[in-house]
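structure.txt (compact mmCIF, C-alpha atoms)
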# COMPACT_ATOMS: atom_id res chain seq x y z
CA MET D 291 0.00 0.00 0.00
CA SER D 292 2.41 2.69 1.12
CA ASP D 293 5.82 3.15 2.53
CA ALA D 294 5.62 6.90 3.15
CA GLN D 295 6.58 8.36 6.50
CA VAL D 296 3.70 8.55 8.97
CA GLU D 297 3.54 11.63 11.16
CA PRO D 298 0.94 12.09 13.88
CA GLY D 299 -0.96 15.27 14.49
CA PRO D 300 -3.06 17.81 12.63
CA SER D 301 -1.92 19.29 9.34
CA GLY D 302 -2.49 22.93 10.33
CA THR D 303 0.64 25.04 9.86
CA GLY D 304 -0.76 28.57 9.92
CA THR D 305 0.24 29.15 6.28
CA PRO D 306 -2.39 29.72 3.58
CA VAL D 307 -3.86 26.63 1.96
CA LEU D 308 -3.15 26.62 -1.78
CA PHE D 309 -5.04 23.44 -2.68
CA GLU D 310 -7.47 21.32 -0.72
CA ALA D 311 -9.47 18.26 -1.74
CA LEU D 312 -11.73 15.89 0.14
CA LEU D 313 -11.83 12.45 -1.47
CA THR D 314 -14.79 10.27 -0.55
CA PRO D 315 -16.06 6.94 -1.89
CA HIS D 316 -19.06 7.19 -4.20
CA ARG D 317 -22.33 5.87 -2.78
CA SER D 318 -25.13 5.74 -5.32
CA LEU D 319 -27.93 4.77 -2.95
CA SER D 320 -29.28 7.52 -0.71
CA PRO D 321 -30.70 6.73 2.74
CA ARG D 322 -34.21 7.22 1.34
CA GLY D 323 -33.42 4.87 -1.56
CA PHE D 324 -32.08 2.33 0.93
CA LEU D 325 -35.33 2.49 2.89
CA LEU D 326 -37.40 2.02 -0.27
CA LEU D 327 -35.25 -0.85 -1.52
CA MET D 328 -35.31 -2.67 1.84
CA SER D 329 -39.08 -2.17 2.06
CA ALA D 330 -39.54 -3.68 -1.39
CA ILE D 331 -37.24 -6.63 -0.62
CA ALA D 332 -38.96 -7.28 2.71
CA GLY D 333 -42.41 -6.97 1.12
CA VAL D 334 -41.62 -9.43 -1.67
CA ALA D 335 -39.99 -11.84 0.80
CA PHE D 336 -43.00 -11.63 3.13
CA VAL D 337 -45.55 -12.26 0.36
CA ALA D 338 -43.52 -15.13 -1.13
CA GLY D 339 -42.80 -16.56 2.33
CA THR D 340 -46.48 -16.44 3.26
CA ALA D 341 -47.41 -18.25 0.04
CA PHE D 342 -44.87 -20.99 0.73
CA PHE D 343 -46.00 -21.19 4.37
CA LEU D 344 -49.61 -21.72 3.27
CA MET D 345 -48.49 -24.48 0.85
CA GLY D 346 -46.81 -26.28 3.72
CA ALA D 347 -43.23 -25.32 2.93
CA TRP D 348 -42.87 -23.34 6.13
CA PRO D 349 -39.01 -23.41 6.27
CA VAL D 350 -38.91 -21.22 3.13
CA PHE D 351 -40.50 -18.38 5.13
CA GLY D 352 -37.54 -18.42 7.54
CA PHE D 353 -34.98 -18.58 4.76
CA LEU D 354 -36.56 -15.59 3.02
CA GLY D 355 -36.44 -13.68 6.32
CA LEU D 356 -32.76 -14.62 6.66
CA GLU D 357 -32.18 -13.35 3.12
CA VAL D 358 -33.67 -9.97 4.04
CA LEU D 359 -31.40 -9.77 7.10
CA LEU D 360 -28.32 -10.63 5.03
CA VAL D 361 -29.11 -7.95 2.42
CA TYR D 362 -29.67 -5.44 5.23
CA GLY D 363 -26.35 -6.42 6.84
CA ALA D 364 -24.46 -6.07 3.55
CA PHE D 365 -25.85 -2.56 3.05
CA ARG D 366 -24.99 -1.56 6.63
CA ILE D 367 -21.38 -2.68 6.09
CA ASN D 368 -21.31 -0.72 2.84
CA TYR D 369 -22.61 2.44 4.55
CA ARG D 370 -20.12 2.06 7.39
CA ARG D 371 -17.30 1.96 4.85
CA ALA D 372 -18.68 5.16 3.31
CA GLY D 373 -17.30 6.99 6.33
CA ALA D 374 -13.78 6.62 4.93
CA PHE D 375 -12.15 9.64 3.30
CA GLU D 376 -8.85 11.20 2.33
CA ARG D 377 -8.10 14.91 2.70
CA LEU D 378 -5.30 16.59 0.78
CA GLU D 379 -4.06 19.99 1.90
CA LEU D 380 -1.25 21.81 0.08
CA THR D 381 0.52 24.80 1.61
CA SER D 382 3.81 26.39 0.58
CA GLU D 383 5.54 24.26 3.22
CA ARG D 384 3.97 20.81 2.79
CA LEU D 385 1.34 18.57 1.29
CA THR D 386 -0.57 16.79 4.03
CA VAL D 387 -2.58 13.66 3.27
CA ARG D 388 -4.96 12.61 6.03
CA ARG D 389 -6.66 9.23 5.58
CA VAL D 390 -9.51 8.13 7.81
CA GLY D 391 -10.57 4.50 7.43
CA PRO D 392 -14.04 3.03 7.79
CA ASP D 393 -13.23 2.15 11.41
CA GLY D 394 -12.22 5.75 12.19
CA ALA D 395 -8.50 4.96 12.29
CA GLU D 396 -6.54 7.97 11.10
CA ARG D 397 -3.12 8.22 9.44
CA THR D 398 -1.34 11.33 8.25
CA TRP D 399 1.47 11.70 5.73
CA ARG D 400 3.41 14.88 5.03
CA PHE D 401 5.47 15.64 1.95
CA GLN D 402 7.73 18.58 1.17
CA PRO D 403 6.12 19.99 -2.02
CA TYR D 404 9.34 20.92 -3.80
CA TRP D 405 10.41 17.27 -4.12
CA LEU D 406 6.94 15.82 -4.62
CA ARG D 407 6.04 14.01 -7.84
CA VAL D 408 2.46 13.13 -8.77
CA GLU D 409 2.32 10.00 -10.93
CA ILE D 410 -0.50 8.31 -12.84
CA ALA D 411 -0.77 6.65 -16.25
CA ASP D 412 -2.20 8.97 -18.92
CA PRO D 413 -4.62 7.77 -20.18
CA PRO D 414 -5.32 5.88 -16.97
CA GLU D 415 -6.40 2.27 -16.85
CA PRO D 416 -9.23 1.38 -14.44
CA ASP D 417 -6.67 0.13 -11.89
CA SER D 418 -3.99 2.82 -12.49
CA PRO D 419 -2.90 4.08 -9.07
CA LEU D 420 -2.40 7.76 -8.33
CA ARG D 421 0.90 7.96 -6.46
CA LEU D 422 2.66 10.69 -4.58
CA ARG D 423 6.43 10.12 -4.61
CA SER D 424 9.17 11.86 -2.69
CA HIS D 425 12.65 10.81 -1.57
CA GLY D 426 12.16 7.18 -2.64
CA ARG D 427 8.88 6.84 -0.77
CA SER D 428 5.39 6.63 -2.21
CA LEU D 429 1.77 6.82 -1.21
CA ALA D 430 -1.20 5.69 -3.32
CA ILE D 431 -4.22 7.94 -2.90
CA GLY D 432 -7.78 8.00 -4.20
CA SER D 433 -8.01 4.25 -4.77
CA PHE D 434 -11.82 4.46 -4.55
CA LEU D 435 -12.06 7.13 -7.27
CA SER D 436 -12.68 6.30 -10.92
CA ALA D 437 -9.69 6.36 -13.28
CA GLN D 438 -10.81 9.68 -14.79
CA GLU D 439 -11.32 11.23 -11.34
CA ARG D 440 -7.79 10.16 -10.32
CA LEU D 441 -6.41 11.69 -13.52
CA ASP D 442 -8.32 14.95 -12.92
CA LEU D 443 -7.02 15.09 -9.35
CA ALA D 444 -3.45 14.43 -10.52
CA ARG D 445 -3.67 17.23 -13.09
CA ALA D 446 -5.11 19.70 -10.56
CA LEU D 447 -2.47 18.83 -7.96
CA ARG D 448 0.36 19.04 -10.52
CA HIS D 449 -0.96 22.42 -11.63
CA GLU D 450 -0.87 23.76 -8.06
CA LEU D 451 2.60 22.31 -7.45
CA ASP D 452 3.85 23.97 -10.66
CA ARG D 453 2.38 27.29 -9.50
CA LEU D 454 4.04 26.86 -6.13
CA HIS D 455 7.40 26.15 -7.78
CA GLY D 456 6.98 29.12 -10.11
CA THR D 457 6.89 26.97 -13.26
CA GLY D 458 3.14 27.24 -13.91
CA PRO D 459 0.96 30.09 -15.08
CA PRO D 460 0.46 33.06 -12.72
CA ALA D 461 -2.28 32.73 -10.13
CA ALA D 462 -4.55 35.27 -11.89
CA ALA D 463 -4.33 33.41 -15.21
CA SER D 464 -4.92 29.93 -13.83
CA ALA D 465 -8.34 28.52 -13.23
CA VAL D 466 -8.48 24.82 -12.52
CA ALA D 467 -11.90 23.25 -12.11
CA ALA D 468 -12.28 20.87 -9.20
CA PRO D 469 -12.06 17.28 -10.43
CA GLN D 470 -15.48 15.77 -10.99
CA GLY D 471 -16.54 13.47 -8.18
CA LEU D 472 -14.50 15.24 -5.54
CA ALA D 473 -16.29 17.06 -2.80
CA PRO D 474 -15.43 20.79 -2.79
CA GLU D 475 -14.08 22.29 0.38
CA THR D 476 -15.99 25.13 2.01
Rendering of file as structure tokens:
Amino acid sequence: MSDAQVEPGPSGTGTPVLFEALLTPHRSLSPRGFLLLMSAIAGVAFVAGTAFFLMGAWPVFGFLGLEVLLVYGAFRINYRRAGAFERLELTSERLTVRRVGPDGAERTWRFQPYWLRVEIADPPEPDSPLRLRSHGRSLAIGSFLSAQERLDLARALRHELDRLHGTGPPAAASAVAAPQGLAPET
């Protein structure tokens, strides 16, 4: 996964933030959609189970109830994993990557921006990793993003690093849209 240096603590340095991105896994089913889907599954299972119960195949009713519980459990696990995120924060002094896992465990990596390289295949394959490399160490980020979202993030981050190093266009002339699928920071 990664062999980058782990540093504890918050990323706040008091310097202005030049680039910030919050990376979150995509969840296509809203809580309301989940309720509707579970209601439909439970309703169909209840009607089918009742029919089998009346025909004398009473164990089927229990198995259909178990099926509803298993589907519910799978969705709950999926929603719990939706709590994972990665936050990138670039200042003139460092790029901080903060990763919070589904269990709430937090890890933080810090990179000096001058030596940082952002690597991804262009055009990206579906499994092309987005890597941050510095001093022989690397960190893969955004593994839950689509290939195009990882490429958009890489381009935006490279653009900001170039501006920071003085090799990109001036701040007034540059306008980089936030990569699609990434939550904007407020």
Between D:Ala444, D:Leu312, D:Ala338, D:Leu326, which has the minimum distance to Glu376 of chain D (counting only C-alpha atoms)?
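Residue with the minimum atom-to-atom distance to Glu376 of chain D: D:Leu312.
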10 Å contact set for Asn368 of chain D, only C-alpha atoms, chain neighbours under 5 positions out, as a list of chain:residue names:
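What passes the distance filter is D:Arg317, D:Tyr362, D:Gly363, D:Gly373, D:Pro392.
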Pick the closest to Glu357 of chain D from D:Leu378, D:Asp452, D:Ile331, D:Leu447: which is it, counting all atoms listed in the file?
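Closest to Glu357 of chain D of all the choices is D:Ile331.
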Nearest residue to Leu406 of chain D from the set D:His316, D:Arg448, D:Arg371, D:Arg366 (distances using only C-alpha atoms)
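Of the candidates, the smallest distance to Leu406 of chain D is held by D:Arg448.
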Quick one: of D:Leu308, D:Thr314, D:Gln438, D:Leu360, who's nearest to Ala372 of chain D, counting all atoms listed in the file?
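Selected residue with least distance to Ala372 of chain D: D:Thr314.
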Interatomic distance (Å, one decimal) between atom CA of Glu379 of chain D and atom CA of Pro413 of chain D
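Spanning atom CA of Glu379 of chain D to atom CA of Pro413 of chain D is a straight-line distance of 25.2 Å.
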Let me make sure I understand: among D:Trp399, D:Phe343, D:Phe365, D:Phe353, which one has the smallest atom-to-atom distance to Leu325 of chain D if we use only C-alpha atoms?
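The answer is D:Phe365, which sits nearest to Leu325 of chain D.
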Within 10 Å of (-7.0, 8.8, 9.3) in the file's own coordinates, which protein, DNA or RNA residues have an atom, counting all atoms listed in the file? List them as an mmCIF file with C-alpha atoms, keeping the file's coordinate frame.
data_model
loop_
_atom_site.group_PDB
_atom_site.id
_atom_site.type_symbol
_atom_site.label_atom_id
_atom_site.label_comp_id
_atom_site.auth_asym_id
_atom_site.auth_seq_id
_atom_site.Cartn_x
_atom_site.Cartn_y
_atom_site.Cartn_z
ATOM 1 C CA PRO D 298 0.940 12.090 13.880
ATOM 2 C CA ALA D 374 -13.780 6.620 4.930
ATOM 3 C CA PHE D 375 -12.150 9.640 3.300
ATOM 4 C CA GLU D 376 -8.850 11.200 2.330
ATOM 5 C CA ARG D 377 -8.100 14.910 2.700
ATOM 6 C CA VAL D 387 -2.580 13.660 3.270
ATOM 7 C CA ARG D 388 -4.960 12.610 6.030
ATOM 8 C CA ARG D 389 -6.660 9.230 5.580
ATOM 9 C CA VAL D 390 -9.510 8.130 7.810
ATOM 10 C CA GLY D 391 -10.570 4.500 7.430
ATOM 11 C CA PRO D 392 -14.040 3.030 7.790
ATOM 12 C CA ASP D 393 -13.230 2.150 11.410
ATOM 13 C CA GLY D 394 -12.220 5.750 12.190
ATOM 14 C CA ALA D 395 -8.500 4.960 12.290
ATOM 15 C CA GLU D 396 -6.540 7.970 11.100
ATOM 16 C CA ARG D 397 -3.120 8.220 9.440
ATOM 17 C CA THR D 398 -1.340 11.330 8.250
ATOM 18 C CA TRP D 399 1.470 11.700 5.730
#
Residue with the minimum atom-to-atom distance to Leu319 of chain D, picked from D:Tyr369, D:Arg407, D:Asp412, D:Pro419 with only C-alpha atoms counted, is D:Tyr369
So which residues touch Leu385 of chain D within 12 Å, counting all atoms listed in the file, skipping near sequence neighbours fewer than 4 positions away, as a ChimeraX atom specification?
/D:301-303,305-311,377-381,398-408,422-424,447-448,450-451,454
Just give me the gap between atom CA of Phe336 of chain D and atom CA of Phe324 of chain D in Å, one decimal is fine.
17.9 Å
Between atom CA of Leu441 of chain D and atom CA of Ala411 of chain D - distance in Å to one decimal
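Separation between atom CA of Ala411 of chain D and atom CA of Leu441 of chain D: 8.0 Å.
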Work out where the centre of an axis-aligned box around every listed atom of segment 388-397 of chain D lies and how long its edges are once 6 Å is added on each side; give both in Å to one decimal as lines of an AutoDock Vina configuration file.
center_x = -8.6
center_y = 7.4
center_z = 8.9
size_x = 22.9
size_y = 22.5
size_z = 18.7
